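So this block is data-v3.cif, mmCIF, C-alpha atoms and all ligand atoms:
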```
data_query
#
loop_
_atom_site.label_atom_id
_atom_site.label_comp_id
_atom_site.auth_asym_id
_atom_site.auth_seq_id
_atom_site.Cartn_x
_atom_site.Cartn_y
_atom_site.Cartn_z
CA MET A 1 -12.66 10.89 3.18
CA ASP A 2 -12.93 7.41 4.65
CA ILE A 3 -10.21 4.80 4.36
CA TYR A 4 -11.90 3.11 1.41
CA GLN A 5 -12.00 6.29 -0.70
CA ASN A 6 -8.43 7.22 0.22
CA LEU A 7 -7.09 3.82 -0.77
CA LYS A 8 -9.08 3.71 -4.01
CA LYS A 9 -7.80 7.14 -5.01
CA ASP A 10 -4.18 5.98 -4.62
CA HIS A 11 -4.92 2.74 -6.46
CA GLU A 12 -6.25 4.68 -9.44
CA THR A 13 -3.15 6.91 -9.47
CA VAL A 14 -0.72 3.98 -9.46
CA LYS A 15 -2.71 2.03 -12.06
CA SER A 16 -2.73 4.97 -14.46
CA LEU A 17 1.03 5.57 -13.97
CA ILE A 18 1.77 1.94 -14.82
CA ASN A 19 -0.49 2.06 -17.86
CA GLU A 20 1.30 5.19 -19.02
CA LEU A 21 4.67 3.49 -18.45
CA LEU A 22 3.63 0.55 -20.62
CA THR A 23 2.80 2.83 -23.56
CA LEU A 24 6.48 3.91 -23.76
CA ASN A 25 9.11 2.38 -26.01
CA GLU A 26 11.81 0.45 -24.19
CA ASN A 27 14.36 3.23 -24.86
CA ASP A 28 12.12 6.19 -23.94
CA GLU A 29 13.98 8.22 -21.30
CA TYR A 30 10.71 9.30 -19.68
CA ARG A 31 10.48 5.80 -18.16
CA HIS A 32 12.97 6.83 -15.44
CA THR A 33 10.62 9.57 -14.22
CA LEU A 34 7.58 7.32 -14.32
CA ILE A 35 9.25 4.41 -12.53
CA GLU A 36 10.44 6.71 -9.75
CA ARG A 37 6.98 8.28 -9.45
CA ILE A 38 5.43 4.84 -9.15
CA ALA A 39 7.89 4.00 -6.36
CA THR A 40 7.22 7.22 -4.44
CA GLU A 41 3.46 6.65 -4.71
CA LEU A 42 3.41 2.94 -4.00
CA VAL A 43 5.82 2.38 -1.12
CA PRO A 44 4.39 5.01 1.31
CA HIS A 45 0.88 3.81 0.38
CA ALA A 46 1.81 0.23 1.29
CA ARG A 47 3.51 1.17 4.60
CA ALA A 48 0.58 3.36 5.71
CA GLU A 49 -1.96 0.77 4.62
CA GLU A 50 -0.17 -1.94 6.60
CA ALA A 51 0.32 0.17 9.72
CA VAL A 52 -3.14 1.63 10.18
CA PHE A 53 -5.52 -0.45 8.05
CA TYR A 54 -4.25 -4.03 7.85
CA ASN A 55 -3.11 -4.00 11.45
CA THR A 56 -6.46 -2.75 12.69
CA LEU A 57 -8.12 -5.60 10.80
CA ARG A 58 -5.66 -8.07 12.31
CA THR A 59 -7.07 -7.29 15.76
CA SER A 60 -10.46 -8.65 14.65
CA ASP A 61 -11.72 -12.07 15.72
CA ALA A 62 -12.90 -12.73 12.18
CA ASP A 63 -10.82 -14.80 9.75
CA THR A 64 -8.03 -12.41 8.75
CA GLY A 65 -6.25 -14.77 6.34
CA ILE A 66 -6.91 -12.35 3.49
CA VAL A 67 -5.04 -9.60 5.39
CA MET A 68 -1.98 -11.80 5.86
CA HIS A 69 -2.18 -12.75 2.19
CA SER A 70 -2.23 -9.03 1.32
CA PHE A 71 0.91 -8.33 3.38
CA LYS A 72 2.62 -11.05 1.34
CA GLU A 73 1.46 -9.54 -1.94
CA HIS A 74 2.92 -6.17 -0.93
CA MET A 75 6.30 -7.83 -0.53
CA GLU A 76 6.02 -9.55 -3.89
CA ALA A 77 4.96 -6.36 -5.67
CA GLU A 78 7.82 -4.40 -4.10
CA GLY A 79 10.24 -7.15 -5.14
CA LEU A 80 9.07 -6.70 -8.73
CA LEU A 81 9.32 -2.93 -8.40
CA ARG A 82 12.96 -3.27 -7.30
CA THR A 83 13.65 -5.60 -10.25
CA LEU A 84 12.04 -3.04 -12.53
CA GLN A 85 14.20 -0.24 -11.10
CA ALA A 86 17.34 -2.35 -11.45
CA LYS A 87 16.57 -3.41 -15.05
CA ASP A 88 15.79 0.17 -15.98
CA LYS A 89 19.20 1.29 -14.76
CA THR A 90 21.24 -1.64 -16.09
CA VAL A 91 20.12 -3.83 -18.99
CA GLY A 92 17.29 -1.58 -20.13
CA ASP A 93 15.03 -4.60 -20.82
CA TRP A 94 12.33 -3.42 -18.42
CA LYS A 95 9.01 -3.93 -20.23
CA LYS A 96 8.37 -7.57 -19.40
CA THR A 97 8.91 -6.85 -15.72
CA ALA A 98 6.63 -3.81 -15.94
CA GLN A 99 3.90 -5.94 -17.50
CA LYS A 100 4.20 -8.58 -14.74
CA PHE A 101 4.23 -5.84 -12.10
CA LYS A 102 1.03 -4.36 -13.56
CA GLU A 103 -0.72 -7.74 -13.53
CA GLU A 104 0.26 -8.53 -9.93
CA LEU A 105 -0.69 -5.08 -8.73
CA GLU A 106 -4.07 -5.10 -10.45
CA HIS A 107 -4.80 -8.50 -8.93
CA HIS A 108 -3.80 -7.22 -5.48
CA ILE A 109 -5.89 -4.06 -5.77
CA GLN A 110 -8.93 -5.96 -6.99
CA GLU A 111 -8.73 -8.38 -4.07
CA GLU A 112 -8.12 -5.58 -1.60
CA GLU A 113 -11.10 -3.52 -2.77
CA THR A 114 -13.41 -6.53 -2.53
CA LYS A 115 -12.31 -9.05 0.13
CA VAL A 116 -10.31 -6.79 2.44
CA PHE A 117 -12.82 -3.94 2.20
CA SER A 118 -15.72 -6.25 2.99
CA LEU A 119 -13.91 -7.57 6.08
CA ALA A 120 -13.32 -3.95 7.13
CA ARG A 121 -16.91 -2.90 6.50
CA ASN A 122 -18.07 -5.61 8.87
CA LEU A 123 -15.68 -4.45 11.57
CA LEU A 124 -15.56 -0.64 11.35
CA THR A 125 -18.24 1.95 12.01
CA THR A 126 -18.58 4.85 9.57
CA GLU A 127 -16.80 7.16 12.03
CA GLU A 128 -13.95 4.70 12.51
CA ALA A 129 -13.55 4.32 8.75
CA ASP A 130 -13.21 8.13 8.56
CA GLN A 131 -10.74 8.20 11.43
CA ILE A 132 -8.62 5.46 9.86
CA GLY A 133 -8.83 7.35 6.55
CA ASN A 134 -7.26 10.37 8.26
CA ALA A 135 -4.70 8.19 10.03
CA PHE A 136 -3.73 6.72 6.68
CA LEU A 137 -3.16 10.18 5.13
CA LYS A 138 -1.08 11.41 8.07
CA PHE A 139 0.99 8.25 8.24
CA LYS A 140 1.67 8.35 4.51
CA ALA A 141 2.65 12.03 4.59
CA GLU A 142 4.97 11.39 7.51
CA TYR A 143 6.55 8.47 5.70
CA GLN A 144 7.02 10.46 2.50
CA GLY A 145 8.58 13.30 4.44
CA GLN A 146 11.07 11.31 6.44
CA GLY A 147 11.66 8.21 4.37
CA ALA A 148 10.83 6.27 7.53
CA ILE A 149 8.77 6.95 10.59
CA LYS A 150 10.85 7.41 13.70
CA ASN A 151 8.16 6.61 16.19
CA THR A 152 5.64 4.33 14.56
CA ALA A 153 4.12 3.18 17.84
CA ASP A 154 3.21 6.70 19.02
CA MET A 155 1.79 7.58 15.66
CA ILE A 156 -0.46 4.53 15.68
CA LEU A 157 -1.63 5.21 19.23
CA ASN A 158 -2.51 8.80 18.42
CA LEU A 159 -4.16 8.18 15.08
CA LEU A 160 -6.31 5.08 15.41
CA PRO A 161 -9.71 4.74 17.11
CA ALA A 162 -9.06 3.96 20.80
CA ARG A 163 -10.63 0.51 20.77
CA PHE A 164 -7.99 -0.64 18.24
CA ALA A 165 -4.98 1.52 19.07
CA ASN A 166 -3.59 -0.43 22.03
CA LYS A 167 -3.94 -3.80 20.37
CA VAL A 168 -2.46 -2.57 17.07
CA ASN A 169 0.41 -0.97 18.93
CA LYS A 170 1.48 -4.40 20.21
CA LEU A 171 1.66 -5.95 16.71
CA ASP A 172 4.70 -6.09 14.46
CA VAL A 173 4.11 -3.48 11.80
CA ASN A 174 4.55 -6.14 9.14
CA PRO A 175 4.39 -9.78 10.29
CA ILE A 176 5.83 -11.12 7.03
CA ARG A 177 8.97 -9.04 6.76
FE FE B 201 -3.74 -0.52 -1.38
FE FE B 202 -2.42 -3.20 -0.57
#
```
Please re-express this file's structure in structure tokens.
Ligand SMILES: [Fe+2]
Ligand SMILES: [Fe+2]
Amino acid sequence: MDIYQNLKKDHETVKSLINELLTLNENDEYRHTLIERIATELVPHARAEEAVFYNTLRTSDADTGIVMHSFKEHMEAEGLLRTLQAKDKTVGDWKKTAQKFKEELEHHIQEEETKVFSLARNLLTTEEADQIGNAFLKFKAEYQGQGAIKNTADMILNLLPARFANKVNKLDVNPIR
């Protein structure tokens, strides 16, 4: 699967988990499971997307403002996710935060699948989009397995198409953080 299909698949998973979460009553214990599942889906997705997809796009000469904007939205969404996790464990008043989280995430996904994908489609060949799709899956699996990647630079060098790998390797993994 190419990078576009892989990302869309994850987006659908996270969107349906959040929708399911919002159908629960505020005191439904199942929320703990769903909130943790959302976190274990979303965070590795975001790290892998930044490392192999956004950073490849950053090496382009085209206007990559939308990519930098997307990095920022990841931070904002993860801030809301942490608020949601904290409210769930403490005050229990988690639904308003969940609703805001859903809105921000849907906005981010919509923008990503249109503006970011169209920038990528102009830059990447079909083969490169496949290769980056595989790189994304491997990076995400590695991240899920270890909680953090020990040698991000080597992974990027080995996984990305050669014409991007060296340039991407020199970038901060996330310029915003
Ligand atoms: Fe995404
Ligand atoms: Fe994203």
Stretch 42-77 of chain A residues near stretch 107-131 of chain A within 8 Å, closest pair each, using only C-alpha atoms, as JSON lines:
```
{"residue": "A:Leu57", "atom": "CA", "partner": "A:Ala120", "partner_atom": "CA", "distance": 6.6}
{"residue": "A:Ser60", "atom": "CA", "partner": "A:Leu123", "partner_atom": "CA", "distance": 7.4}
{"residue": "A:Ile66", "atom": "CA", "partner": "A:Val116", "partner_atom": "CA", "distance": 6.6}
{"residue": "A:Val67", "atom": "CA", "partner": "A:Val116", "partner_atom": "CA", "distance": 6.7}
{"residue": "A:Ser70", "atom": "CA", "partner": "A:His108", "partner_atom": "CA", "distance": 7.2}
{"residue": "A:Glu73", "atom": "CA", "partner": "A:His108", "partner_atom": "CA", "distance": 6.8}
```
Legend entry - Site check for ligand FE 201 (chain B): residues at most 9 Å away, only C-alpha atoms and all ligand atoms, as a count of residues only: 14
Inset, instruction - Report the distance between atom CA of A:Leu17 and atom CA of A:Pro175 in Å, rounded to one decimal place. - result: 28.9 Å
Inset, instruction - In Å, rounded to a single decimal, give me how far atom CA of A:Ala62 is from atom CA of A:Ala162. - result: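 Atom-to-atom, atom CA of A:Ala162 to atom CA of A:Ala62, that is 19.2 Å.
Shortest separation to A:Leu105 among A:Asp88, A:Glu29, A:Glu12, A:Glu36 occurs at residue A:Glu12, atoms counted being only C-alpha atoms.
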Inset, instruction - To one decimal in Å, tell me the separation between atom CA of A:Gly79 and atom CA of A:Tyr4. - result: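 Atom CA of A:Tyr4 lies 25.3 Å from atom CA of A:Gly79.
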Inset, instruction - Find the residues near A:Pro161: any atom within 8 Å, counting all atoms listed in the file, skip ones fewer than 2 places away on the same chain, and give them as a list in words. - result: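 My reading of the contact set: Glu128, Gln131, Ile132, Leu159, Arg163, Phe164 and Ala165 of chain A.
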Inset, instruction - May I have the residues at most 8 Å from (-5.9, 6.8, 10.7) in the file's coordinates, counting only C-alpha atoms, as a list in words? - result: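 Output of the proximity query reads Ile3, Val52, Phe53, Asp130, Gln131, Ile132, Gly133, Asn134, Ala135, Phe136, Leu137, Lys138, Phe139, Ile156, Leu159, Leu160 and Pro161 of chain A.
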Legend entry - Residue nearest ligand FE 202 (chain B) - candidates A:Glu106, A:Asp2, A:Val91, A:Glu26, atoms counted: all atoms listed in the file: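 Among A:Glu106, A:Asp2, A:Val91, A:Glu26, it is A:Glu106 that comes nearest to ligand FE 202 (chain B).
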Inset, instruction - Fewer than 3 positions away in the same chain doesn't count, so skip those; otherwise give me all residues within 10 Å of A:Lys95, counting all atoms listed in the file, as a list in words. - result: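 Residues meeting the cut-off are Leu21, Leu22, Thr23, Leu24, Asn25, Glu26, Leu84, Lys87, Asp88, Gly92, Ala98, Gln99, Lys100 and Phe101 of chain A.
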Inset, instruction - Would you kindly return, as a ChimeraX atom specification, each protein, DNA or RNA residue with an atom no farther than 7 Å from any atom of A:Val168, considering all atoms listed in the file and excluding same-chain residues fewer than 2 positions away? - result: /A:55-56,59,164-166,170-171
Legend entry - Residue nearest A:Lys167 - candidates A:Arg58, A:Thr13, A:Glu41, A:Glu104, atoms counted: all atoms listed in the file: A:Arg58
Inset, instruction - Measuring atom to atom with all atoms listed in the file, identify which of A:Asp61, A:Thr97, A:Thr83, A:Val43 is nearest to ligand FE 202 (chain B). - result: A:Val43
Legend entry - Proximity to ligand FE 202 (chain B) - best of A:His69, A:Lys96, A:His32, A:Arg37, only C-alpha atoms and all ligand atoms: A:His69
Legend entry - Option closest in space to ligand FE 202 (chain B), from A:Trp94, A:Tyr143, A:Tyr54, A:Tyr30 [counting all atoms listed in the file]: A:Tyr54
Taking all atoms of stretch 160-171 of chain A that the file lists, what box with edges along x, y and z, padded by 5 Å per side, do you get, with centre and edge lengths in Å to one decimal, as JSON?
```
{"center_x": -4.5, "center_y": -0.4, "center_z": 18.7, "size_x": 22.3, "size_y": 21.0, "size_z": 16.6}
```
